[in-house]
Structures are given as structure tokens and as C-alpha cells.
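Novice: Pasting a structure here, questions to come.
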Amino acid sequence: MINYPNSKLPDIGTSIFSVMSGLANEHKAINLSQGFPDFNCPEPLMQLVTKYMHEGFNQYAPMPGMPQLREKISIKTEKVYGYRPNPDTEVTVTSGATEALNAAITAVVKPGDEVIVLEPCYDSYVPIIRLCGGAPIFVPLALPDFSVDWDLVKKRISSRTKLIIINTPHNPTGAVMSKADLDTLASITNGTDILVISDEVYEHMVFDGQQHYSALQHPSLRERSFVVSSFGKTYHTTGWKVGYVIAPAPLTAELRKMHQFITFCTVTPMQLAIADFMDNEAHYQELPAFYQAKRDFFCEQLKGSRFEIIPAAGTYFQLAKYSSISDEHDLDFAKRLTVETGVAAIPVSAFYHDKTDNKYLRFCFAKSEETLKAAAEKLAML
């Protein structure tokens with residue numbers, strides 16, 4: 001008999017996204033759980049991928065990313081955020097934002113370091129921190145608007161704090177940080193060596209006339225931050241797994257050391273296609289209105305239901321409180337909803353380390369109106 005080694009993550013099972021999507025497939029439920037569109041990416045973008053594949057761009061890309069794409073990222077960043085990063089030393093193309101987060105955390109977190117994590121949070125942050133030997137220090141977002149309690153953040157900072165991770169617009173809640181939030185974060189970290197990861201993958205999905213404030217716009221944050229973005233979210237191509245990180249040259253150098261041993265490089269023809277398609281600025285400029293219309297449609301369809309809904313400020317996720325429908329734990333309710341009602345959602349407790357249950361489900365509205373209407377009709381019957 002082989003004595004297999006103990007698990008490095010004994011308390012981590014299959015991702016909640018895989019669990020709920022699998023349950024949705026098994027019961028032929030409408031899948032509003034995992035965050036992916038049910039519509040295709042722009043046809044010209046697909047044609048560009050085909051073009052580059054036929055032209056022979058099917059081998060390894062340079063480790064930091066195709067130079068054409070890094071240059072386009074730099075130009076776009078200046079247009080949107082007023083800062084032009086050096087494409088050679090400050091921009092790295094990664095195999096999706098999750099790989100970017102892994103590379104950034106792994107680059108700087110050492111055994112004994114502490115990392116401030118705002119909960120609920122995307123489920124990859126904490127396992128990566130732990131695998132590095134770091135200690136996640138949890139700060140709950142304040143209900144009902146899931147705002148940051150910066151006084152509590154300050155209290156949780158210690159001499160061992162290496163990193164603070166923020167996410168705006170925020171998955172799973174749809175909350176959006178203000179300029180004042182970033183100003184406060186800057187004041188907290190000024191005069192320290194604390195670094196920041198700013199997860200901004202939903203940067204082009206901010207609604208109701210608000211704007212996205214990036215760490216790149218704040219000079220004192222910019223010099224200490226890894227800023228993570230996702231082409232998968234922006235171009236409706238989550239399956240392509242193409243993202244990028246902008247960081248100061250010293251941080252980028254360390255991130256690339258990790259990146260080269262995680263995936264080494266990212267798929268070549270997709271990088272070239274995206275580089276060309278980035279000239280179409282209208283696509284990302286129109287995304288806020290595009291997704292706000294979907295949010296508004298979904299919320300309107302649920303108006304007569306027993307769910308309590310405050311329209312999301314950003315992302316393509318909508319929280320719905322179900323406490324007037326059931327007192328079940330949200331995981332149990334989400335599973336029953338999938339099996340009996342035919343609609344799959346994500347229980348928000350999955351985004352807390354201790355499975356805190358505030359009776360919220362997360363629905364993805366990056367779907368066609370037909371899909372959203374069919375799901376809402378089922379949900380309104382509860």
C-alpha cells in the first residue's frame with residue numbers, strides 16, 4: 001500500500017462554480033450560476049483568430065505576451081486611466097485573471113506573511129495565499145451595501161501584513177469602490193511596504209452613471225499595486241482565458257518569474273486577434289449600457305417575486321435575498337432551487353471562509369433576454 005501524502009488543502013473541495021454548473025446540467029436547469037455569457041463574442045474577433053491560426057501563429061508566444069498586445073494594452077490604459085505603463089517592463093499577458101492572481105500572490109507572499117482579504121471574495125484568493133505559507137486575515141464587508149469598513153481594515157493590519165487584496169467592481173456582490181475608498185486605501189498604505197492586488201476584471205461593467213476607479217489612477221497606489229484585468233470578461237470570451245497584469249517594473253519582474261513556471265505563455269492567435277480588435281474602442285465603451293440593460297431587465301422581471309433585490313452597481317452579477325422565502329442555509333436552498341425550480345445560482349456563503357450565510361444568492365445576468373425571462377418566471381413562482 002502506498003502512503004499518499006496529506007492534502008495541502010484538505011478543506012478545499014471542488015469549486016462551487018463546478019458544483020452548481022454540474023447540478024444545473026444534471027437537472028437541465030437554467031444556469032445563472034457560473035459567470036459566463038450564453039451569447040457569442042463579436043464575429044470580427046473570431047474571424048481574426050481564424051486568420052492568425054491560418055497564418056501559422058500557432059506556436060509559443062513570448063513569455064510576457066505578444067509585443068503587439070502589450071503595446072495596445074499600454075495605449076488603452078492611458079486613454080482610460082491617464083497612465084501609460086511601459087509595455088516591455090510593466091505589462092504581462094496571462095492565461096486568464098486567475099493565473100494572474102496566482103502569479104501575483106505567489107510572487108510576493110512568503111511563509112508567515114499576512115494578507116488582508118475582504119469577504120465575501122473570489123474563491124481563488126485564499127487557497128493561493130495558504131499554498132504560499134501566508135495567513136489570510138479576513139475583513140467582512142459591511143451589510144447591506146457590502147462597503148469596506150476601513151477602520152476595521154486598519155485594525156487588522158500588523159507588522160506582518162504583506163498585501164491587501166481589493167476587487168472592484170466586486171464579485172460576488174456587484175459593489176463598486178469609490179474614489180474615496182481608493183484615497184483611504186492609499187492613506188492607509190502610505191509610508192509602509194504593504195502591496196496591493198487590485199482585481200479589476202469587471203472594470204467596464206459599472207452602471208447608473210458611475211465610473212470605475214482604478215488603482216492605476218492613483219499614483220501612490222500605482223507604485224505598490226498589481227492591477228489585474230480580463231479580456232474574457234470584456235470580450236465575452238471566458239473560455240479563452242486571456243488576461244493581463246499591470247504593475248511597476250520591480251513587481252512585474254517577480255510576477256513574470258512565477259508566470260513562466262505556471263503557464264509560461266498564453267495562447268498565441270487569441271493574443272494577436274485581441275490586439276487587432278482593441279482598436280474597436282466602441283466595444284468596451286458600450287459595455288456599461290449593454291450590461292445595465294440586462295441587469296434592469298432581470299430585476300424588472302423579478303419585481304413581483306419574493307426575492308429582495310437591490311440592483312447591482314457593477315459586474316454582471318445580481319444578488320437576491322431570499323429570507324422571506326426560506327430559512328434554509330443558502331447552499332441547501334441553491335441546490336433545491338436547481339433541482340426543484342430549475343434555476344441554478346451561487347450561494348454567497350461559498351465566498352466566505354467560514355461559510356457565513358446572509359441568505360443571498362448570486363445570479364449571473366450575462367445571458368440573453370430569453371434566458372433571463374425564463375429564469376425569472378420560475379423564480380417568481382416561489
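By order of appearance in the C-alpha cells: chains A, B, ..., then residues from 1 within every chain, and ligands from 1 in the order shown.
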Extract, using only C-alpha atoms, all DNA, RNA and protein residues at most 12 Å from Gln210 in chain A, discarding same-chain residues fewer than 2 positions from it, and format them as a ChimeraX atom specification.

Specialist: /A:169,175-179,203-208,212-213,288-289,292,312-314

Novice: I need the chosen residues saved as a compact mmCIF listing (two decimals), in the first residue's frame, with N, CA, C and O atoms.

Specialist:
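Below is the file that was written, result_6.txt:
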# COMPACT_ATOMS: atom_id res chain seq x y z
N PRO A 169 -15.08 46.48 -9.85
CA PRO A 169 -16.36 46.04 -9.27
C PRO A 169 -16.24 44.64 -8.66
O PRO A 169 -15.44 43.84 -9.12
N ALA A 175 -20.81 45.35 -5.78
CA ALA A 175 -20.47 46.65 -5.19
C ALA A 175 -19.29 47.27 -5.94
O ALA A 175 -18.45 46.56 -6.51
N VAL A 176 -19.24 48.60 -5.93
CA VAL A 176 -18.19 49.33 -6.65
C VAL A 176 -17.51 50.29 -5.68
O VAL A 176 -18.18 51.05 -4.97
N MET A 177 -16.19 50.27 -5.65
CA MET A 177 -15.46 51.18 -4.77
C MET A 177 -15.46 52.59 -5.36
O MET A 177 -15.36 52.78 -6.58
N SER A 178 -15.52 53.57 -4.47
CA SER A 178 -15.50 54.98 -4.88
C SER A 178 -14.06 55.50 -4.88
O SER A 178 -13.13 54.84 -4.40
N LYS A 179 -13.91 56.71 -5.39
CA LYS A 179 -12.61 57.37 -5.33
C LYS A 179 -12.18 57.54 -3.87
O LYS A 179 -10.99 57.39 -3.53
N GLU A 203 -13.97 45.89 -14.91
CA GLU A 203 -13.75 47.34 -14.98
C GLU A 203 -14.70 48.06 -15.93
O GLU A 203 -15.00 49.25 -15.74
N HIS A 204 -15.18 47.38 -16.96
CA HIS A 204 -16.06 48.03 -17.95
C HIS A 204 -17.54 47.75 -17.70
O HIS A 204 -18.36 47.95 -18.59
N MET A 205 -17.87 47.29 -16.49
CA MET A 205 -19.25 46.99 -16.15
C MET A 205 -19.63 47.74 -14.89
O MET A 205 -19.70 47.17 -13.80
N VAL A 206 -19.81 49.04 -15.02
CA VAL A 206 -20.21 49.91 -13.92
C VAL A 206 -21.41 50.71 -14.40
O VAL A 206 -21.39 51.24 -15.51
N PHE A 207 -22.46 50.80 -13.56
CA PHE A 207 -23.76 51.24 -14.05
C PHE A 207 -24.23 52.56 -13.41
O PHE A 207 -23.59 53.08 -12.50
N ASP A 208 -25.36 53.02 -13.91
CA ASP A 208 -26.08 54.17 -13.34
C ASP A 208 -25.24 55.45 -13.33
O ASP A 208 -25.32 56.27 -12.41
N HIS A 212 -15.70 53.58 -13.00
CA HIS A 212 -14.76 52.70 -12.33
C HIS A 212 -13.51 53.47 -11.96
O HIS A 212 -12.92 54.15 -12.81
N TYR A 213 -13.12 53.38 -10.70
CA TYR A 213 -11.88 53.99 -10.25
C TYR A 213 -10.83 52.91 -10.11
O TYR A 213 -11.00 51.95 -9.35
N PRO A 288 -20.96 49.23 -20.43
CA PRO A 288 -21.81 49.59 -19.29
C PRO A 288 -23.29 49.62 -19.64
O PRO A 288 -24.12 49.05 -18.91
N ALA A 289 -23.64 50.24 -20.76
CA ALA A 289 -25.05 50.30 -21.17
C ALA A 289 -25.57 48.93 -21.55
O ALA A 289 -26.71 48.57 -21.24
N GLN A 292 -26.01 47.04 -18.25
CA GLN A 292 -27.04 47.65 -17.42
C GLN A 292 -28.43 47.31 -17.94
O GLN A 292 -29.35 47.06 -17.15
N ALA A 312 -27.46 45.70 -8.80
CA ALA A 312 -26.00 45.72 -8.69
C ALA A 312 -25.44 47.00 -9.28
O ALA A 312 -25.90 47.48 -10.32
N ALA A 313 -24.40 47.54 -8.64
CA ALA A 313 -23.74 48.74 -9.15
C ALA A 313 -22.74 48.42 -10.26
O ALA A 313 -22.39 49.29 -11.05
N GLY A 314 -22.30 47.16 -10.32
CA GLY A 314 -21.33 46.75 -11.33
C GLY A 314 -21.28 45.24 -11.46
O GLY A 314 -22.02 44.53 -10.78

Novice: Find the spatial neighbours of range 116-119 of chain A, counting only C-alpha atoms, within a cut-off of 6 Å - ignore same-chain residues fewer than 6 positions away - and output them as number ranges by chain.

Specialist: A: 137-141, 164-165, 352

Novice: Kindly export the residues of the current selection with N, CA, C and O atoms, as a PDB file, in the first residue's frame.

Specialist:
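selection-v9.pdb was written with the following content:
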ATOM      1  N   ILE A 137      -6.058  37.248   6.436  1.00  0.00           N
ATOM      2  CA  ILE A 137      -6.679  37.981   7.546  1.00  0.00           C
ATOM      3  C   ILE A 137      -7.983  38.560   6.997  1.00  0.00           C
ATOM      4  O   ILE A 137      -7.985  39.423   6.123  1.00  0.00           O
ATOM      5  N   PHE A 138      -9.102  38.067   7.505  1.00  0.00           N
ATOM      6  CA  PHE A 138     -10.395  38.352   6.906  1.00  0.00           C
ATOM      7  C   PHE A 138     -11.038  39.605   7.487  1.00  0.00           C
ATOM      8  O   PHE A 138     -11.065  39.802   8.703  1.00  0.00           O
ATOM      9  N   VAL A 139     -11.555  40.434   6.584  1.00  0.00           N
ATOM     10  CA  VAL A 139     -12.313  41.623   6.965  1.00  0.00           C
ATOM     11  C   VAL A 139     -13.654  41.551   6.246  1.00  0.00           C
ATOM     12  O   VAL A 139     -13.699  41.613   5.007  1.00  0.00           O
ATOM     13  N   PRO A 140     -14.759  41.394   6.980  1.00  0.00           N
ATOM     14  CA  PRO A 140     -16.059  41.303   6.308  1.00  0.00           C
ATOM     15  C   PRO A 140     -16.505  42.650   5.759  1.00  0.00           C
ATOM     16  O   PRO A 140     -16.323  43.691   6.405  1.00  0.00           O
ATOM     17  N   LEU A 141     -17.068  42.635   4.567  1.00  0.00           N
ATOM     18  CA  LEU A 141     -17.691  43.838   4.019  1.00  0.00           C
ATOM     19  C   LEU A 141     -18.970  44.121   4.795  1.00  0.00           C
ATOM     20  O   LEU A 141     -19.632  43.201   5.295  1.00  0.00           O
ATOM     21  N   ILE A 164      -2.692  43.656   0.579  1.00  0.00           N
ATOM     22  CA  ILE A 164      -4.138  43.856   0.701  1.00  0.00           C
ATOM     23  C   ILE A 164      -4.742  43.568  -0.676  1.00  0.00           C
ATOM     24  O   ILE A 164      -4.256  44.104  -1.683  1.00  0.00           O
ATOM     25  N   ILE A 165      -5.777  42.736  -0.714  1.00  0.00           N
ATOM     26  CA  ILE A 165      -6.429  42.424  -1.987  1.00  0.00           C
ATOM     27  C   ILE A 165      -7.779  43.130  -2.030  1.00  0.00           C
ATOM     28  O   ILE A 165      -8.611  42.971  -1.128  1.00  0.00           O
ATOM     29  N   TYR A 352     -17.197  33.065   1.589  1.00  0.00           N
ATOM     30  CA  TYR A 352     -16.705  33.347   2.936  1.00  0.00           C
ATOM     31  C   TYR A 352     -15.930  32.138   3.454  1.00  0.00           C
ATOM     32  O   TYR A 352     -16.355  30.996   3.246  1.00  0.00           O
TER      33      TYR A 352
END

Novice: With only C-alpha atoms as the atoms that count, which of A:Ser368, A:Ser349, A:Thr234, A:Ser214 lies nearest to Tyr83 in chain A?

Specialist: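 Nearest candidate to Tyr83 in chain A out of A:Ser368, A:Ser349, A:Thr234, A:Ser214: A:Ser214.
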
Novice: Write out as a PyMOL selection string which residues come within 9 Å of Cys364 in chain A when counting only C-alpha atoms, dropping same-chain ones fewer than 3 positions away.

Specialist: chain A and resi 31-37+316-319+345-346+367

Novice: Please write the residues from the selection above to a file, keeping N, CA, C and O atoms, as a short mmCIF file (atom, residue, chain, number, x, y, z; two decimals), in the first residue's frame.

Specialist:
data_model
loop_
_atom_site.label_atom_id
_atom_site.label_comp_id
_atom_site.auth_asym_id
_atom_site.auth_seq_id
_atom_site.Cartn_x
_atom_site.Cartn_y
_atom_site.Cartn_z
N ASN A 31 -28.94 27.85 -16.17
CA ASN A 31 -27.71 28.05 -15.40
C ASN A 31 -27.37 29.54 -15.30
O ASN A 31 -26.78 30.12 -16.21
N LEU A 32 -27.78 30.14 -14.18
CA LEU A 32 -27.37 31.52 -13.87
C LEU A 32 -26.32 31.51 -12.76
O LEU A 32 -26.14 32.50 -12.05
N SER A 33 -25.62 30.39 -12.62
CA SER A 33 -24.64 30.27 -11.53
C SER A 33 -23.26 30.71 -12.00
O SER A 33 -22.80 31.79 -11.62
N GLN A 34 -22.60 29.93 -12.81
CA GLN A 34 -21.24 30.27 -13.23
C GLN A 34 -21.26 31.52 -14.12
O GLN A 34 -22.17 31.71 -14.93
N GLY A 35 -20.24 32.36 -13.97
CA GLY A 35 -20.24 33.67 -14.63
C GLY A 35 -19.73 33.64 -16.06
O GLY A 35 -18.60 34.03 -16.32
N PHE A 36 -20.57 33.17 -16.96
CA PHE A 36 -20.19 33.22 -18.38
C PHE A 36 -21.41 33.59 -19.21
O PHE A 36 -22.54 33.24 -18.87
N PRO A 37 -21.20 34.32 -20.31
CA PRO A 37 -22.32 34.68 -21.19
C PRO A 37 -22.86 33.46 -21.93
O PRO A 37 -22.13 32.50 -22.19
N TYR A 316 -21.49 41.56 -13.80
CA TYR A 316 -22.72 41.02 -14.41
C TYR A 316 -23.39 40.00 -13.47
O TYR A 316 -23.96 39.02 -13.88
N PHE A 317 -23.30 40.32 -12.17
CA PHE A 317 -23.94 39.51 -11.14
C PHE A 317 -24.95 40.33 -10.35
O PHE A 317 -24.72 41.51 -10.06
N GLN A 318 -26.05 39.68 -10.01
CA GLN A 318 -27.09 40.31 -9.21
C GLN A 318 -27.35 39.46 -7.97
O GLN A 318 -27.64 38.27 -8.09
N LEU A 319 -27.23 40.07 -6.80
CA LEU A 319 -27.59 39.38 -5.57
C LEU A 319 -29.10 39.45 -5.35
O LEU A 319 -29.75 40.45 -5.70
N ALA A 345 -28.11 28.99 -9.17
CA ALA A 345 -27.44 30.21 -8.71
C ALA A 345 -26.28 29.80 -7.81
O ALA A 345 -26.12 28.63 -7.48
N ILE A 346 -25.49 30.79 -7.40
CA ILE A 346 -24.36 30.52 -6.50
C ILE A 346 -24.72 31.03 -5.10
O ILE A 346 -25.10 32.19 -4.94
N LYS A 367 -26.70 36.96 -19.89
CA LYS A 367 -27.48 35.98 -20.64
C LYS A 367 -28.43 36.72 -21.59
O LYS A 367 -28.67 37.92 -21.45
#

Novice: Mind pulling up the distance from CA of Lys162 in chain A to CA of Ile194 in chain A?

Specialist: 5.0 Å

Novice: Just how far from CA of Cys41 in chain A is CA of Thr237 in chain A, in Å to one decimal?

Specialist: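 Computing it gives 6.1 Å between the two atoms.
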
Novice: A:Asn171, A:Met270, A:Pro120, A:Leu101: which is nearest Val196 in chain A, counting only C-alpha atoms?

Specialist: A:Leu101

Novice: Please provide the set of residues having any atom within 12 Å of Thr238 in chain A, restricted to only C-alpha atoms, with same-chain residues fewer than 4 positions apart removed, written as a list in words.

Specialist: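 These residues fall inside the cut-off: Gln34, Gly35, Phe36, Pro37, Asp38, Phe39, Asn40, Cys41, Ser95, Gly96, Ala97, Thr98, Val201, Ser230, Phe231, Gly232, Lys233, Thr234, Val242, Gly243 and Ala366 of chain A.
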
Novice: Let me make sure I understand: among A:Phe333, A:Phe363, A:Phe351, A:Tyr284, which one has the smallest atom-to-atom distance to Cys121 in chain A if we use only C-alpha atoms?

Specialist: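 Under the stated criterion, the closest residue is A:Phe351.
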
Novice: Running DSSP on the backbone, which parts of range 120-361 of chain A land in strand (DSSP E or B), as number ranges by chain?

Specialist: A: 135-140, 142, 147, 161-167, 195-199, 206, 225-230, 243-246, 308, 314, 317-321, 343-344, 346-347, 360-361

Novice: Give me a file of those residues, with C-alpha atoms, as a PDB file, in the first residue's frame.

Specialist:
ATOM      1  CA  ALA A 135      -2.110  33.767   6.508  1.00  0.00           C
ATOM      2  CA  PRO A 136      -5.338  35.306   5.195  1.00  0.00           C
ATOM      3  CA  ILE A 137      -6.679  37.981   7.546  1.00  0.00           C
ATOM      4  CA  PHE A 138     -10.395  38.352   6.906  1.00  0.00           C
ATOM      5  CA  VAL A 139     -12.313  41.623   6.965  1.00  0.00           C
ATOM      6  CA  PRO A 140     -16.059  41.303   6.308  1.00  0.00           C
ATOM      7  CA  ALA A 142     -20.429  45.797   5.750  1.00  0.00           C
ATOM      8  CA  SER A 147     -18.974  48.561   1.638  1.00  0.00           C
ATOM      9  CA  THR A 161       0.928  42.459   6.581  1.00  0.00           C
ATOM     10  CA  LYS A 162       2.421  41.995   3.115  1.00  0.00           C
ATOM     11  CA  LEU A 163      -0.588  42.516   0.887  1.00  0.00           C
ATOM     12  CA  ILE A 164      -4.138  43.856   0.701  1.00  0.00           C
ATOM     13  CA  ILE A 165      -6.429  42.424  -1.987  1.00  0.00           C
ATOM     14  CA  ILE A 166      -9.275  44.561  -3.318  1.00  0.00           C
ATOM     15  CA  ASN A 167     -11.811  43.742  -6.023  1.00  0.00           C
ATOM     16  CA  LEU A 195       1.492  45.894  -1.513  1.00  0.00           C
ATOM     17  CA  VAL A 196      -1.932  45.799  -3.192  1.00  0.00           C
ATOM     18  CA  ILE A 197      -3.609  43.488  -5.659  1.00  0.00           C
ATOM     19  CA  SER A 198      -6.451  45.313  -7.368  1.00  0.00           C
ATOM     20  CA  ASP A 199      -8.690  42.771  -9.108  1.00  0.00           C
ATOM     21  CA  VAL A 206     -20.212  49.907 -13.915  1.00  0.00           C
ATOM     22  CA  SER A 225      -0.122  47.530  -6.967  1.00  0.00           C
ATOM     23  CA  PHE A 226      -0.646  44.590  -9.264  1.00  0.00           C
ATOM     24  CA  VAL A 227      -3.724  45.558 -11.317  1.00  0.00           C
ATOM     25  CA  VAL A 228      -5.474  42.561 -12.881  1.00  0.00           C
ATOM     26  CA  SER A 229      -7.741  42.754 -15.955  1.00  0.00           C
ATOM     27  CA  SER A 230      -9.581  40.198 -18.086  1.00  0.00           C
ATOM     28  CA  GLY A 243      -5.946  38.361 -19.009  1.00  0.00           C
ATOM     29  CA  TYR A 244      -3.166  40.703 -18.034  1.00  0.00           C
ATOM     30  CA  VAL A 245      -1.408  42.401 -15.146  1.00  0.00           C
ATOM     31  CA  ILE A 246      -0.044  45.946 -14.963  1.00  0.00           C
ATOM     32  CA  GLU A 308     -35.344  41.181  -2.170  1.00  0.00           C
ATOM     33  CA  GLY A 314     -21.330  46.755 -11.332  1.00  0.00           C
ATOM     34  CA  PHE A 317     -23.937  39.506 -11.141  1.00  0.00           C
ATOM     35  CA  GLN A 318     -27.092  40.307  -9.211  1.00  0.00           C
ATOM     36  CA  LEU A 319     -27.590  39.379  -5.569  1.00  0.00           C
ATOM     37  CA  ALA A 320     -31.047  38.357  -4.401  1.00  0.00           C
ATOM     38  CA  LYS A 321     -32.012  37.927  -0.753  1.00  0.00           C
ATOM     39  CA  VAL A 343     -32.717  27.659 -11.927  1.00  0.00           C
ATOM     40  CA  ALA A 344     -29.101  27.459 -10.747  1.00  0.00           C
ATOM     41  CA  ILE A 346     -24.363  30.519  -6.497  1.00  0.00           C
ATOM     42  CA  PRO A 347     -24.806  30.640  -2.699  1.00  0.00           C
ATOM     43  CA  TYR A 360     -28.141  35.739  -0.539  1.00  0.00           C
ATOM     44  CA  LEU A 361     -27.871  34.016  -3.901  1.00  0.00           C
TER      45      LEU A 361
END

Novice: In Å, rounded to a single decimal, give me how far CA of Val339 in chain A is from CA of Leu23 in chain A.

Specialist: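 Going from CA of Leu23 in chain A over to CA of Val339 in chain A covers 7.7 Å.
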
Novice: Could you pull out all residues of range 207-367 of chain A with a DSSP call of helix (DSSP H, G or I) and give them as a ChimeraX atom specification?

Specialist: /A:215-217,219-222,231-234,238-240,249-262,268-277,281-301,330-341,348-351

Novice: Taking only C-alpha atoms into account, name the residue in A:Glu328, A:Asp123, A:Pro311, A:Met381 that is nearest to Ile16 in chain A.

Specialist: A:Asp123

Novice: Applying 7 Å and only C-alpha atoms, which residues near Lys359 in chain A remain after dropping the ones on its own chain fewer than 4 positions away? List them as a PyMOL selection string.

Specialist: chain A and resi 321-323+330

Novice: Please determine, counting only C-alpha atoms, which residue among A:Val108, A:Ala380, A:Val93, A:Val348 has the shortest atom-to-atom distance to Lys241 in chain A.

Specialist: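 Of A:Val108, A:Ala380, A:Val93, A:Val348, the one nearest Lys241 in chain A is A:Val93, counting only C-alpha atoms.
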
Novice: For Arg336 in chain A, which of A:Ile274, A:Ala180, A:Leu382, A:Ile188 is the closest residue, counting only C-alpha atoms?

Specialist: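 For Arg336 in chain A, the nearest of the given residues is A:Leu382.
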
Novice: Leaving out Pro85 in chain A and any residue of its chain fewer than 6 positions from it, which residues lie within 12 Å of it when counting only C-alpha atoms, given as a ChimeraX atom specification?

Specialist: /A:70-79,91-92,216-217,222-223,227,245-249,252

Novice: Keeping only C-alpha atoms, write the selected residues as a tab-separated table (two decimals), in the first residue's frame.

Specialist:
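The result, stored in result25.tsv:
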chain	number	residue	atom	x	y	z
A	70	ARG	CA	1.21	44.63	-24.68
A	71	GLU	CA	1.56	47.82	-26.71
A	72	LYS	CA	-2.20	48.02	-27.28
A	73	ILE	CA	-2.83	47.44	-23.56
A	74	SER	CA	-0.48	50.30	-22.75
A	75	ILE	CA	-2.22	52.66	-25.19
A	76	LYS	CA	-5.70	51.74	-23.93
A	77	THR	CA	-4.64	52.16	-20.29
A	78	GLU	CA	-3.51	55.70	-21.00
A	79	LYS	CA	-6.78	56.52	-22.77
A	91	VAL	CA	2.56	44.74	-18.74
A	92	THR	CA	2.26	40.93	-18.67
A	216	LEU	CA	-3.77	52.86	-11.81
A	217	GLN	CA	-5.27	56.34	-11.48
A	222	ARG	CA	0.03	52.51	-8.65
A	223	GLU	CA	3.58	52.19	-7.31
A	227	VAL	CA	-3.72	45.56	-11.32
A	245	VAL	CA	-1.41	42.40	-15.15
A	246	ILE	CA	-0.04	45.95	-14.96
A	247	ALA	CA	2.50	46.53	-12.19
A	248	PRO	CA	5.66	48.55	-11.55
A	249	ALA	CA	8.77	47.08	-13.18
A	252	THR	CA	6.42	42.77	-12.85
